[in-house]
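Novice: Here's a structure for you.
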Amino acid sequence: MSAVMAGKQLESESMIVHVVPAEGPPFDHALDGDSFVIGRSSKAELTVADRSMSRLHARLFLKDGAWHVEDLGSRNGTLLAGRPVEQPTRVGHGSVMQVGSTTVTLREASRPLAPVTATRPTPSRDSHTIFRSAAELLQEPAAIRADSATPIGESLRRYAERLRLLTEVNRALDRIMSLEELLDLILDRAFAHLRPEEAAIYLRNDRGGYDRAAARSSTSGDSKILFSTSLMEEVVEGRQAALVLDAQTDERFHEAMSLLDAGVRSLVAAPLLDPDGALGLIVLGSRLTVRQFSEEDMEVLALLASVAAMRMRNIHLAEEAAERRRLEQEVALAREIQVGLLPDRLPEVEGWDIVAGNTPSRGVSGDFFKIEMRHDGSEVVLMISDVSGKGIGASLLTASLEALSAGPIHDGVPVEEIFRSVSHLLFERTPPEKYATSFLASIEPADGRLRYCNAGHNPGLLLRADGSTEWLESTGMPLGIMPEGAFAAGERVLEAGDALILYTDGITEPENPEEEEYGLDRLRDVCIACRGCSLADLKAAIEKDLHDFVRGVPYLDDRTLVLIRRRAR
């Protein structure tokens, strides 16, 4: 394999890949056999010296008579028409793949890619197609450059015509419209200024090919199929405008029999250029007996295509903004529903103080807490949970967890039995990757007896009045992670002045700019230092210390605190 293979004509029935490496000249390589691996390793059928490519990066293979591409678990992934290849995907002539920093185009060996013309060519009897850089055409028109031989009066007329077209199109586009309306308007302008018999706009699809998004004909009947794969490759991939003086004598159109049979001979095409790449192209056609397009027509079409691409980009951005607003409304509604599940007020327990709060990181929260009295006020139950994942999906799981636990808590079921039941039901109703950690405590206010169960949750902090502390570690596995779970209960007694601090990992795992975690030790130190404060002030002190610690680093998880203290006598 070497660069001298570039442009080599191969067998007509075979397929080749046109390779544009990160370094060095482009070249062609034949697809031999039914499977073809691309990578840096010498074991690959096509070896490319590309540092961003994996040793065995991607594979092209035949299946059911068609070529497919699959990524081989590469480090940087494989892109097909700008989209990641996540599973074997069918490809065909003209499909463009990004393998590392190398571009690979699949095509039939009988259709060589035309070289990109760097300078302005002059048509001759042997030159039937002219290519010009679209970016060059959008600069000052050739007719008014200093080296132009065109009379100044004619030059100014052409320039004024382009300005009039630009003004007219922008005025017509000065309103909100759909993509379909935009494409129709562009075709209107093309027919008004360039007078083709046929016109079509092709846009790239998710499969790496092209779909005809709009078409029009000035003659009776349906629009002709102005389609040539070779022309599309060179216009879209090469970001060039094209002027075809006579399609009948150009080998690029030998496969476009429907176009030739319809008598279309003269063509002009321009890419729809977006900052992120070419979106597709607009192509106009006509019979030679009606008109033959000129280079001036090519310049005008390139200008029209540029305006169209810009407006298409604006429509896409407007659609994205509308979708974001819709999602924000859904998130706001989900948050409203979720807030309705949280206690609207905390129970008042004689001789005890209770404070709690939840701060979501993404509008809706994967955290959940509830505080209820049961057994006619002789027992208070506190539950705090953190479900796997974030966003709306996590908030839905918290709603399910609340519903599953509400009945057993109300019925006075012991804490370990509640978790055993909830875990089983959650496992049956959710996929394996969905689970929740939770801490459930029941306290008898009269004597301070605490009974708790920790289902894989952060350890609860038992803060004694004298400043000593104890971590209440896990007594069972997370909820919903196994069909049957084993849960044990722990017991303690809260004396006068003792407090229980429950929290989610959104409190202990945030990082500062040095990527250090807040951690359990810092939480404990703040609680010890503020043990003489009111419970509300203690909660505020934890939140302020966390805020000062992260120093502006965004929170990645929801933050929930539940605190209860037995008042000092």
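In the structure tokens, chains take the letters A, B, ... in the order shown, each chain's residues start at 1, and ligands count up from 1 in the order shown.
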Please identify the helix (DSSP H, G or I) residues within segment 311-418 of chain A (assignment by DSSP from backbone atoms) and present them as a ChimeraX atom specification.

Specialist: /A:311-341,391-410,415-418

Novice: Hey, what's within 6 Å of Val493 of chain A if we count only C-alpha atoms and toss same-chain stuff fewer than 5 positions away? As a ChimeraX atom specification, please?

Specialist: /A:448-450

Novice: Any idea what's packed within 10 Å of Glu515 of chain A, counting only C-alpha atoms, ignoring anything in its chain fewer than 3 positions away? Could you give it as a list in words?

Specialist: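 Selected residues are Pro510, Glu511, Asn512, Tyr518, Val550 and Val553 of chain A.
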
Novice: How would the residues just picked look written out with N, CA and C atoms as a PDB file, in the first residue's frame?

Specialist:
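This went into out.pdb:
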ATOM      1  N   PRO A 510     -19.070  16.197  46.608  1.00  0.00           N
ATOM      2  CA  PRO A 510     -18.643  17.325  45.759  1.00  0.00           C
ATOM      3  C   PRO A 510     -17.138  17.567  45.875  1.00  0.00           C
ATOM      4  N   GLU A 511     -16.544  18.060  44.775  1.00  0.00           N
ATOM      5  CA  GLU A 511     -15.105  18.286  44.734  1.00  0.00           C
ATOM      6  C   GLU A 511     -14.794  19.771  44.618  1.00  0.00           C
ATOM      7  N   ASN A 512     -13.626  20.147  45.126  1.00  0.00           N
ATOM      8  CA  ASN A 512     -13.127  21.513  44.956  1.00  0.00           C
ATOM      9  C   ASN A 512     -12.268  21.588  43.696  1.00  0.00           C
ATOM     10  N   TYR A 518     -15.300  16.565  49.510  1.00  0.00           N
ATOM     11  CA  TYR A 518     -15.663  17.163  50.786  1.00  0.00           C
ATOM     12  C   TYR A 518     -15.482  16.141  51.904  1.00  0.00           C
ATOM     13  N   VAL A 550     -16.276  23.964  47.752  1.00  0.00           N
ATOM     14  CA  VAL A 550     -16.241  23.676  46.309  1.00  0.00           C
ATOM     15  C   VAL A 550     -15.733  24.878  45.506  1.00  0.00           C
ATOM     16  N   VAL A 553     -17.107  25.117  41.895  1.00  0.00           N
ATOM     17  CA  VAL A 553     -17.210  23.898  41.083  1.00  0.00           C
ATOM     18  C   VAL A 553     -18.663  23.443  41.096  1.00  0.00           C
TER      19      VAL A 553
END

Novice: Taking 4 positions as the minimum chain separation for residues in the same chain, which residues sit within 7 Å of segment 369-381 of chain A when counting only C-alpha atoms? Answer as number ranges by chain.

Specialist: A: 342-343, 346-347, 385, 410, 412, 441-445

Novice: Smallest atom-to-atom distance to Lys539 of chain A: which of A:Gly357, A:Tyr452, A:Glu23, A:Thr229, using only C-alpha atoms?

Specialist: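 Checking each of A:Gly357, A:Tyr452, A:Glu23, A:Thr229 against Lys539 of chain A, counting only C-alpha atoms, the winner is A:Gly357.
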
Novice: Considering only C-alpha atoms, can you say which of A:Ile384, A:Ile507, A:Met232, A:Ala318 comes closest to Ala455 of chain A?

Specialist: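 Of the candidates, the smallest distance to Ala455 of chain A is held by A:Ile384.
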
Novice: How would you write, as JSON, numbers by chain, the set of residues in segment 264-298 of chain A that DSSP gives as strand (DSSP E)?

Specialist: {"A": [266, 267, 268, 269, 270, 271, 272, 273, 274, 277, 278, 279, 280, 281, 282, 283, 284, 285, 286]}

Novice: Those same residues, written as a PDB file, in the first residue's frame with C-alpha atoms?

Specialist:
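New file again_24.pdb:
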ATOM      1  CA  SER A 266     -26.487  21.067 -18.581  1.00  0.00           C
ATOM      2  CA  LEU A 267     -26.214  21.084 -14.771  1.00  0.00           C
ATOM      3  CA  VAL A 268     -25.058  23.478 -12.083  1.00  0.00           C
ATOM      4  CA  ALA A 269     -24.712  22.500  -8.419  1.00  0.00           C
ATOM      5  CA  ALA A 270     -23.557  24.104  -5.168  1.00  0.00           C
ATOM      6  CA  PRO A 271     -23.040  22.701  -1.651  1.00  0.00           C
ATOM      7  CA  LEU A 272     -25.115  23.782   1.323  1.00  0.00           C
ATOM      8  CA  LEU A 273     -22.235  24.660   3.638  1.00  0.00           C
ATOM      9  CA  ASP A 274     -22.656  24.706   7.408  1.00  0.00           C
ATOM     10  CA  GLY A 277     -19.825  20.556   7.393  1.00  0.00           C
ATOM     11  CA  ALA A 278     -21.891  20.286   4.238  1.00  0.00           C
ATOM     12  CA  LEU A 279     -25.625  19.662   4.749  1.00  0.00           C
ATOM     13  CA  GLY A 280     -26.245  18.609   1.154  1.00  0.00           C
ATOM     14  CA  LEU A 281     -26.512  20.403  -2.179  1.00  0.00           C
ATOM     15  CA  ILE A 282     -28.804  22.188  -4.590  1.00  0.00           C
ATOM     16  CA  VAL A 283     -28.651  21.158  -8.253  1.00  0.00           C
ATOM     17  CA  LEU A 284     -30.306  22.684 -11.327  1.00  0.00           C
ATOM     18  CA  GLY A 285     -30.692  21.039 -14.719  1.00  0.00           C
ATOM     19  CA  SER A 286     -31.776  21.881 -18.243  1.00  0.00           C
TER      20      SER A 286
END
